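Data file: work.txt. Format and content: compact mmCIF, C-alpha atoms (C1' of nucleotides).
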```txt
# COMPACT_ATOMS: atom_id res chain seq x y z
CA MET A 173 -14.26 -12.28 -9.67
CA ARG A 174 -11.99 -9.27 -9.99
CA ILE A 175 -9.87 -8.40 -6.94
CA ALA A 176 -7.62 -5.36 -6.71
CA THR A 177 -5.36 -3.49 -4.32
CA TRP A 178 -4.43 0.18 -4.40
CA ASN A 179 -2.49 2.48 -2.10
CA VAL A 180 -4.43 5.68 -2.78
CA ASN A 181 -2.32 8.09 -0.66
CA SER A 182 -5.39 9.80 0.89
CA ILE A 183 -8.87 8.58 0.13
CA VAL A 184 -10.19 12.14 0.33
CA ALA A 185 -7.67 13.61 -2.11
CA ARG A 186 -8.11 10.62 -4.42
CA LEU A 187 -11.88 10.29 -4.29
CA PRO A 188 -12.67 11.57 -7.80
CA ARG A 189 -10.05 9.30 -9.32
CA LEU A 190 -11.13 6.38 -7.16
CA LEU A 191 -14.75 6.68 -8.24
CA GLY A 192 -13.74 6.92 -11.87
CA TRP A 193 -11.47 3.93 -11.54
CA LEU A 194 -14.16 1.83 -9.87
CA GLU A 195 -16.48 2.57 -12.79
CA SER A 196 -13.91 1.77 -15.46
CA ALA A 197 -12.08 -1.18 -13.88
CA GLN A 198 -15.15 -2.74 -12.26
CA PRO A 199 -13.43 -4.61 -9.43
CA ASP A 200 -15.63 -6.81 -7.26
CA VAL A 201 -13.35 -6.33 -4.29
CA LEU A 202 -10.85 -3.51 -3.75
CA CYS A 203 -8.30 -3.35 -0.96
CA LEU A 204 -7.23 0.19 -0.12
CA GLN A 205 -4.25 1.50 1.83
CA GLU A 206 -3.15 4.90 3.11
CA LEU A 207 -6.62 6.30 3.63
CA LYS A 208 -5.09 9.12 5.72
CA THR A 209 -8.42 9.73 7.38
CA THR A 210 -10.69 8.36 10.08
CA THR A 211 -13.18 5.55 9.68
CA ASP A 212 -15.99 8.09 10.11
CA ALA A 213 -14.60 10.47 7.51
CA PHE A 214 -14.36 7.74 4.86
CA PRO A 215 -16.56 8.74 1.88
CA HIS A 216 -19.05 5.95 2.52
CA GLU A 217 -21.94 7.50 0.57
CA GLU A 218 -20.02 8.10 -2.64
CA VAL A 219 -18.62 4.58 -2.68
CA SER A 220 -21.91 2.96 -1.66
CA ALA A 221 -23.61 4.74 -4.55
CA LEU A 222 -21.52 2.57 -6.89
CA GLY A 223 -22.79 -0.60 -5.24
CA TYR A 224 -19.96 -1.30 -2.82
CA GLU A 225 -20.11 -2.21 0.82
CA VAL A 226 -17.28 -0.70 2.84
CA ALA A 227 -15.21 -1.89 5.77
CA ALA A 228 -12.84 0.93 6.68
CA TYR A 229 -10.32 1.27 9.46
CA GLY A 230 -8.63 4.63 9.89
CA LEU A 231 -7.56 6.76 12.82
CA GLY A 232 -6.54 9.99 11.13
CA ARG A 233 -3.55 11.50 9.50
CA TRP A 234 -1.52 8.41 8.69
CA ASN A 235 -2.10 4.85 7.56
CA GLY A 236 -5.66 3.58 7.24
CA VAL A 237 -6.94 0.57 5.28
CA ALA A 238 -10.25 -0.54 3.82
CA ILE A 239 -11.98 -3.26 1.84
CA LEU A 240 -14.68 -2.42 -0.68
CA SER A 241 -16.86 -5.23 -1.97
CA ARG A 242 -19.90 -5.67 -4.16
CA VAL A 243 -19.96 -9.46 -3.58
CA GLY A 244 -20.55 -9.49 0.15
CA LEU A 245 -18.51 -8.36 3.13
CA GLU A 246 -18.59 -10.55 6.21
CA ASP A 247 -16.52 -11.39 9.28
CA VAL A 248 -14.68 -8.08 9.26
CA ARG A 249 -11.64 -8.03 11.47
CA ARG A 250 -9.54 -4.97 12.26
CA GLY A 251 -5.88 -5.57 13.04
CA ILE A 252 -3.79 -8.75 12.89
CA VAL A 253 -2.83 -11.33 15.51
CA ASP A 254 -0.77 -9.72 18.30
CA GLN A 255 -0.21 -6.66 16.16
CA PRO A 256 2.76 -4.72 17.54
CA ALA A 257 2.51 -1.07 18.49
CA TYR A 258 4.81 1.76 17.44
CA GLU A 259 5.46 4.38 20.11
CA ASP A 260 2.55 2.93 22.08
CA ALA A 261 0.11 3.23 19.17
CA VAL A 262 -1.48 0.28 17.41
CA GLU A 263 -1.89 1.65 13.92
CA PRO A 264 -4.68 0.91 11.42
CA ARG A 265 -2.65 -1.17 8.98
CA ALA A 266 -4.71 -4.30 8.41
CA ILE A 267 -8.31 -5.22 7.86
CA GLY A 268 -9.74 -8.60 6.92
CA ALA A 269 -13.08 -9.65 5.51
CA THR A 270 -14.77 -12.53 3.72
CA CYS A 271 -16.16 -11.74 0.29
CA ARG A 272 -18.12 -14.47 -1.49
CA GLY A 273 -16.22 -17.17 0.37
CA LEU A 274 -12.81 -15.60 -0.21
CA ARG A 275 -10.90 -14.47 2.88
CA ILE A 276 -9.14 -11.22 2.06
CA TRP A 277 -6.72 -9.01 3.96
CA SER A 278 -5.80 -5.46 3.03
CA VAL A 279 -2.47 -4.60 4.60
CA TYR A 280 -0.20 -1.59 4.82
CA VAL A 281 3.15 -2.82 6.11
CA PRO A 282 5.21 -0.21 8.00
CA ASN A 283 7.81 1.61 5.94
CA GLY A 284 10.80 0.97 8.19
CA ARG A 285 12.44 4.32 7.37
CA GLU A 286 15.99 2.96 7.49
CA PRO A 287 17.73 -0.21 8.65
CA GLY A 288 18.61 0.17 12.31
CA HIS A 289 15.80 2.63 12.97
CA PRO A 290 13.18 1.56 15.55
CA HIS A 291 10.62 1.73 12.77
CA TYR A 292 12.56 -0.93 10.88
CA ALA A 293 12.44 -3.28 13.88
CA TYR A 294 8.74 -2.49 14.11
CA LYS A 295 8.34 -3.40 10.44
CA LEU A 296 9.93 -6.81 11.01
CA ARG A 297 7.82 -7.45 14.13
CA TRP A 298 4.75 -6.43 12.18
CA LEU A 299 5.59 -8.91 9.43
CA GLU A 300 5.95 -11.66 12.05
CA ALA A 301 2.47 -10.82 13.29
CA LEU A 302 1.19 -10.95 9.71
CA HIS A 303 2.75 -14.38 9.35
CA ALA A 304 1.01 -15.52 12.54
CA THR A 305 -2.27 -14.22 11.15
CA VAL A 306 -1.79 -16.07 7.88
CA VAL A 307 -0.98 -19.29 9.73
CA ALA A 308 -4.06 -18.88 11.92
CA GLU A 309 -6.34 -18.16 8.99
CA SER A 310 -4.89 -20.77 6.66
CA SER A 311 -6.54 -23.48 8.72
CA GLN A 312 -9.89 -22.38 7.34
CA ASP A 313 -11.42 -24.27 4.45
CA ARG A 314 -11.60 -21.31 2.11
CA PRO A 315 -9.27 -19.45 -0.26
CA LEU A 316 -7.14 -16.76 1.35
CA ALA A 317 -5.34 -13.78 -0.13
CA VAL A 318 -3.32 -10.99 1.44
CA LEU A 319 -3.10 -7.88 -0.71
CA GLY A 320 -1.57 -4.52 -0.10
CA ASP A 321 1.43 -2.29 0.18
CA PHE A 322 4.10 -4.56 1.65
CA ASN A 323 6.83 -1.94 1.40
CA ILE A 324 9.22 -4.69 0.28
CA ALA A 325 10.61 -5.32 -3.20
CA PRO A 326 10.76 -9.14 -3.37
CA THR A 327 13.78 -9.30 -5.69
CA ASP A 328 16.43 -6.97 -7.09
CA ASP A 329 14.50 -6.93 -10.36
CA ASP A 330 11.61 -5.32 -8.51
CA VAL A 331 13.40 -1.98 -8.30
CA TRP A 332 14.65 0.11 -11.20
CA ASP A 333 18.24 0.21 -9.95
CA ILE A 334 19.36 -1.91 -7.04
CA GLY A 335 22.44 0.28 -6.78
CA ALA A 336 20.23 3.14 -5.63
CA PHE A 337 19.11 1.10 -2.62
CA GLU A 338 22.38 0.56 -0.83
CA GLY A 339 21.69 0.81 2.89
CA ALA A 340 17.99 1.40 2.27
CA THR A 341 14.90 -0.40 3.42
CA HIS A 342 12.59 -2.39 1.12
CA VAL A 343 15.38 -4.58 -0.26
CA THR A 344 17.12 -5.99 2.84
CA ASP A 345 17.56 -9.69 3.48
CA ALA A 346 15.52 -9.54 6.68
CA GLU A 347 12.54 -7.96 4.89
CA ARG A 348 12.73 -10.46 2.05
CA LYS A 349 13.03 -13.30 4.55
CA ALA A 350 9.72 -12.17 6.03
CA LEU A 351 8.17 -12.58 2.57
CA ALA A 352 9.80 -16.01 2.28
CA MET A 353 8.15 -16.95 5.58
CA LEU A 354 4.77 -16.07 4.08
CA ARG A 355 5.56 -18.28 1.10
CA ASP A 356 6.64 -21.06 3.48
CA ALA A 357 3.24 -20.67 5.10
CA GLY A 358 1.72 -21.62 1.75
CA LEU A 359 1.20 -18.30 0.00
CA SER A 360 2.39 -17.52 -3.52
CA ASP A 361 3.47 -14.18 -4.93
CA ILE A 362 0.96 -13.49 -7.72
CA VAL A 363 3.20 -11.47 -10.03
CA PRO A 364 1.16 -9.17 -12.29
CA ARG A 365 1.80 -8.30 -15.91
CA ALA A 366 3.23 -4.89 -16.70
CA LEU A 367 1.13 -3.13 -19.32
CA LYS A 368 4.20 -1.23 -20.51
CA TYR A 369 7.93 -1.91 -20.19
CA ASP A 370 9.17 -5.22 -18.85
CA ARG A 371 8.75 -5.02 -15.09
CA PRO A 372 5.47 -4.77 -13.17
CA TYR A 373 6.30 -1.84 -10.94
CA THR A 374 3.49 -0.56 -8.76
CA TYR A 375 5.05 2.55 -7.21
CA TRP A 376 6.87 5.53 -8.65
CA ASP A 377 8.07 8.46 -6.54
CA TYR A 378 6.39 11.78 -7.26
CA ARG A 379 9.82 13.37 -7.54
CA GLN A 380 12.55 13.31 -10.17
CA LEU A 381 10.21 12.40 -13.02
CA ALA A 382 10.27 8.86 -11.69
CA PHE A 383 7.13 7.75 -13.52
CA PRO A 384 8.06 8.90 -17.04
CA LYS A 385 11.54 7.43 -16.50
CA ASN A 386 9.95 4.26 -15.15
CA ASN A 387 12.06 4.46 -12.02
CA GLY A 388 9.63 2.27 -10.12
CA MET A 389 9.34 -0.43 -7.53
CA ARG A 390 7.11 -3.47 -7.15
CA ILE A 391 6.05 -3.22 -3.54
CA ASP A 392 2.28 -3.65 -3.78
CA LEU A 393 1.87 -7.40 -3.66
CA VAL A 394 -0.76 -10.09 -3.89
CA TYR A 395 -0.05 -13.18 -1.80
CA GLY A 396 -2.53 -16.00 -2.27
CA ASP A 397 -2.91 -19.49 -0.90
CA PRO A 398 -3.05 -22.50 -3.29
CA LYS A 399 -6.80 -22.26 -3.74
CA PHE A 400 -6.50 -18.62 -4.67
CA ALA A 401 -3.37 -18.95 -6.79
CA SER A 402 -4.79 -21.81 -8.85
CA ALA A 403 -7.87 -19.71 -9.59
CA VAL A 404 -5.95 -16.76 -11.00
CA SER A 405 -6.68 -16.18 -14.70
CA ASP A 406 -4.92 -12.84 -15.10
CA ALA A 407 -3.09 -10.18 -13.10
CA TYR A 408 -1.79 -6.78 -14.17
CA VAL A 409 -0.67 -3.39 -12.91
CA ASP A 410 -3.00 -0.63 -14.08
CA ARG A 411 -0.33 1.97 -14.74
CA GLU A 412 -2.88 4.18 -16.49
CA ALA A 413 -4.10 5.11 -13.01
CA ARG A 414 -0.66 6.59 -12.24
CA LYS A 415 -0.94 9.05 -15.14
CA GLY A 416 -2.40 12.51 -15.39
CA LYS A 417 -3.31 15.11 -12.82
CA GLY A 418 -3.52 14.25 -9.14
CA PRO A 419 -2.58 10.56 -9.15
CA SER A 420 -1.54 8.44 -6.20
CA ASP A 421 2.15 7.51 -6.31
CA HIS A 422 0.99 3.86 -6.45
CA ALA A 423 -0.91 2.10 -9.24
CA PRO A 424 -3.60 -0.52 -8.61
CA VAL A 425 -2.81 -4.22 -9.00
CA VAL A 426 -5.73 -6.11 -10.52
CA VAL A 427 -6.23 -9.87 -10.25
CA ASP A 428 -8.91 -11.89 -11.99
CA VAL A 429 -9.84 -15.15 -10.29
CA THR A 430 -12.37 -17.82 -11.22
CA LEU A 431 -13.89 -18.06 -7.77
C1' DA B 69 25.64 17.27 0.14
C1' DT B 70 20.75 17.65 -0.55
C1' DG B 71 16.15 18.30 -2.41
C1' DG B 72 13.11 17.64 -5.66
C1' DC B 73 6.45 15.86 -4.69
C1' DA B 74 2.28 15.30 -2.23
C1' DG B 75 -0.85 15.09 1.68
C1' DA B 76 -2.55 16.06 6.43
C1' DC B 77 -2.59 18.89 10.29
C1' DC B 78 0.63 20.09 15.21
C1' DA B 79 -1.50 24.68 9.60
C1' DC B 80 2.21 29.37 6.61
C1' DG B 81 6.20 24.84 9.29
C1' DT B 82 6.56 19.81 10.33
C1' DC B 83 6.16 15.05 9.61
C1' DT B 84 5.68 11.04 6.71
C1' DG B 85 6.38 8.46 2.78
C1' DA B 86 10.07 4.74 0.11
```
Show me the file's structure as structure tokens.
Amino acid sequence: MRIATWNVNSIVARLPRLLGWLESAQPDVLCLQELKTTTDAFPHEEVSALGYEVAAYGLGRWNGVAILSRVGLEDVRRGIVDQPAYEDAVEPRAIGATCRGLRIWSVYVPNGREPGHPHYAYKLRWLEALHATVVAESSQDRPLAVLGDFNIAPTDDDVWDIGAFEGATHVTDAERKALAMLRDAGLSDIVPRALKYDRPYTYWDYRQLAFPKNNGMRIDLVYGDPKFASAVSDAYVDREARKGKGPSDHAPVVVDVTL
DNA sequence: ATGGCAGACCACGTCTGA
């Protein structure tokens, strides 16, 4: 079974590329983030035409997550356990579903903006809620994986130049400790192969020629429980999807599992 | 010292992203 995650930075703007990628990469399950549209406005017909069921969760301009599956889509759940609000709004940042016996979550962790900002505190609270969700769902007798845009670079090697991140989010101890908590809960970081260069970055800023310079970050992560991790046969970042006209600023992460 | 790009909508400026 082929599982993937991709922050598309607007499902509407990315639809032609998404459809083409589904046809070429042939994932069985795809987790999407940053739909930037409502559940109703999701392009259900176009995606269904390729054989995928859709569970989408979007409220409009920002955020929005979805799971696409051609191997079943059951027990859909929108939002995580005690999901915190930001400025009184509970945002569409997580959706879970069961696909052929595999429990999958598509998550879009808050950005944080800058350490000390209320959004940063929100990010850390959100990660605690994600941890609680993982703990709650780990009791089930089925493989579990959390995929998505975590907005955290797990190590200094996961950014092109750690010196450029002084005082910035994505690399702080508190954020990385939240990832460590997920690992303590039994999940493993499924590190993908890079198809070019030595580091498996998944995001490159649109500005400053970041992609051709490979000034990237690995922030789109796959966290799997032991059942999932032991079933992984391959994992890679599809950087080809970052090339050309009208790409997302993120590339898909693809994981093959014998489940 | 800062923006640069891209997308959505509060739409011809503003906000967000990381």
Which residues of chain A sit at most 9 Å from chain B, using only C-alpha atoms (C1' of nucleotides)? Give each one's shortest atom pair and distance in Å (one decimal place), in chain and ascending residue order, as a Markdown table.
```
| residue | atom | partner | partner_atom | distance |
| --- | --- | --- | --- | --- |
| A:Asn181 | CA | B:DG75 | C1' | 7.5 |
| A:Ser182 | CA | B:DG75 | C1' | 7.0 |
| A:Ala185 | CA | B:DG75 | C1' | 7.9 |
| A:Lys208 | CA | B:DA76 | C1' | 7.4 |
| A:Thr209 | CA | B:DA76 | C1' | 8.7 |
| A:Gly232 | CA | B:DA76 | C1' | 8.7 |
| A:Arg233 | CA | B:DA76 | C1' | 5.6 |
| A:Trp234 | CA | B:DT84 | C1' | 7.9 |
| A:Asn283 | CA | B:DA86 | C1' | 7.0 |
| A:Gly284 | CA | B:DA86 | C1' | 8.9 |
| A:Arg285 | CA | B:DA86 | C1' | 7.6 |
| A:Asn323 | CA | B:DA86 | C1' | 7.5 |
| A:Ala340 | CA | B:DA86 | C1' | 8.9 |
| A:Thr341 | CA | B:DA86 | C1' | 7.8 |
| A:His342 | CA | B:DA86 | C1' | 7.6 |
| A:Asp377 | CA | B:DC73 | C1' | 7.8 |
| A:Tyr378 | CA | B:DC73 | C1' | 4.8 |
| A:Arg379 | CA | B:DC73 | C1' | 5.1 |
| A:Gln380 | CA | B:DG72 | C1' | 6.3 |
| A:Ser420 | CA | B:DA74 | C1' | 8.8 |
| A:Asp421 | CA | B:DA74 | C1' | 8.8 |
```
Find the distance between CA of Glu286 in chain A and CA of Ala325 in chain A and write it in Å to one decimal.
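Here the two named atoms are 14.6 Å from each other.
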What gap, in Å, lies between CA of Gly244 in chain A and CA of Ser278 in chain A?
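Taking CA of Gly244 in chain A and CA of Ser278 in chain A, their separation equals 15.6 Å.
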Would you mind telling me which residue in A:Thr211, A:Ser220, A:Arg186, A:Asn179 lies nearest to Gly418 in chain A when using all atoms listed in the file?
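Closest residue, counting all atoms listed in the file: A:Arg186.
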So what do you get for CA of Ala413 in chain A versus CA of Glu246 in chain A, distance-wise?
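According to the coordinates, CA of Ala413 in chain A and CA of Glu246 in chain A are separated by 28.7 Å.
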So, with only C-alpha atoms as the atoms that count, which of A:Thr344, A:Thr430, A:Gln312, A:Thr374 lies closest to Ile175 in chain A?
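Of A:Thr344, A:Thr430, A:Gln312, A:Thr374, the one nearest Ile175 in chain A, counting only C-alpha atoms, is A:Thr430.
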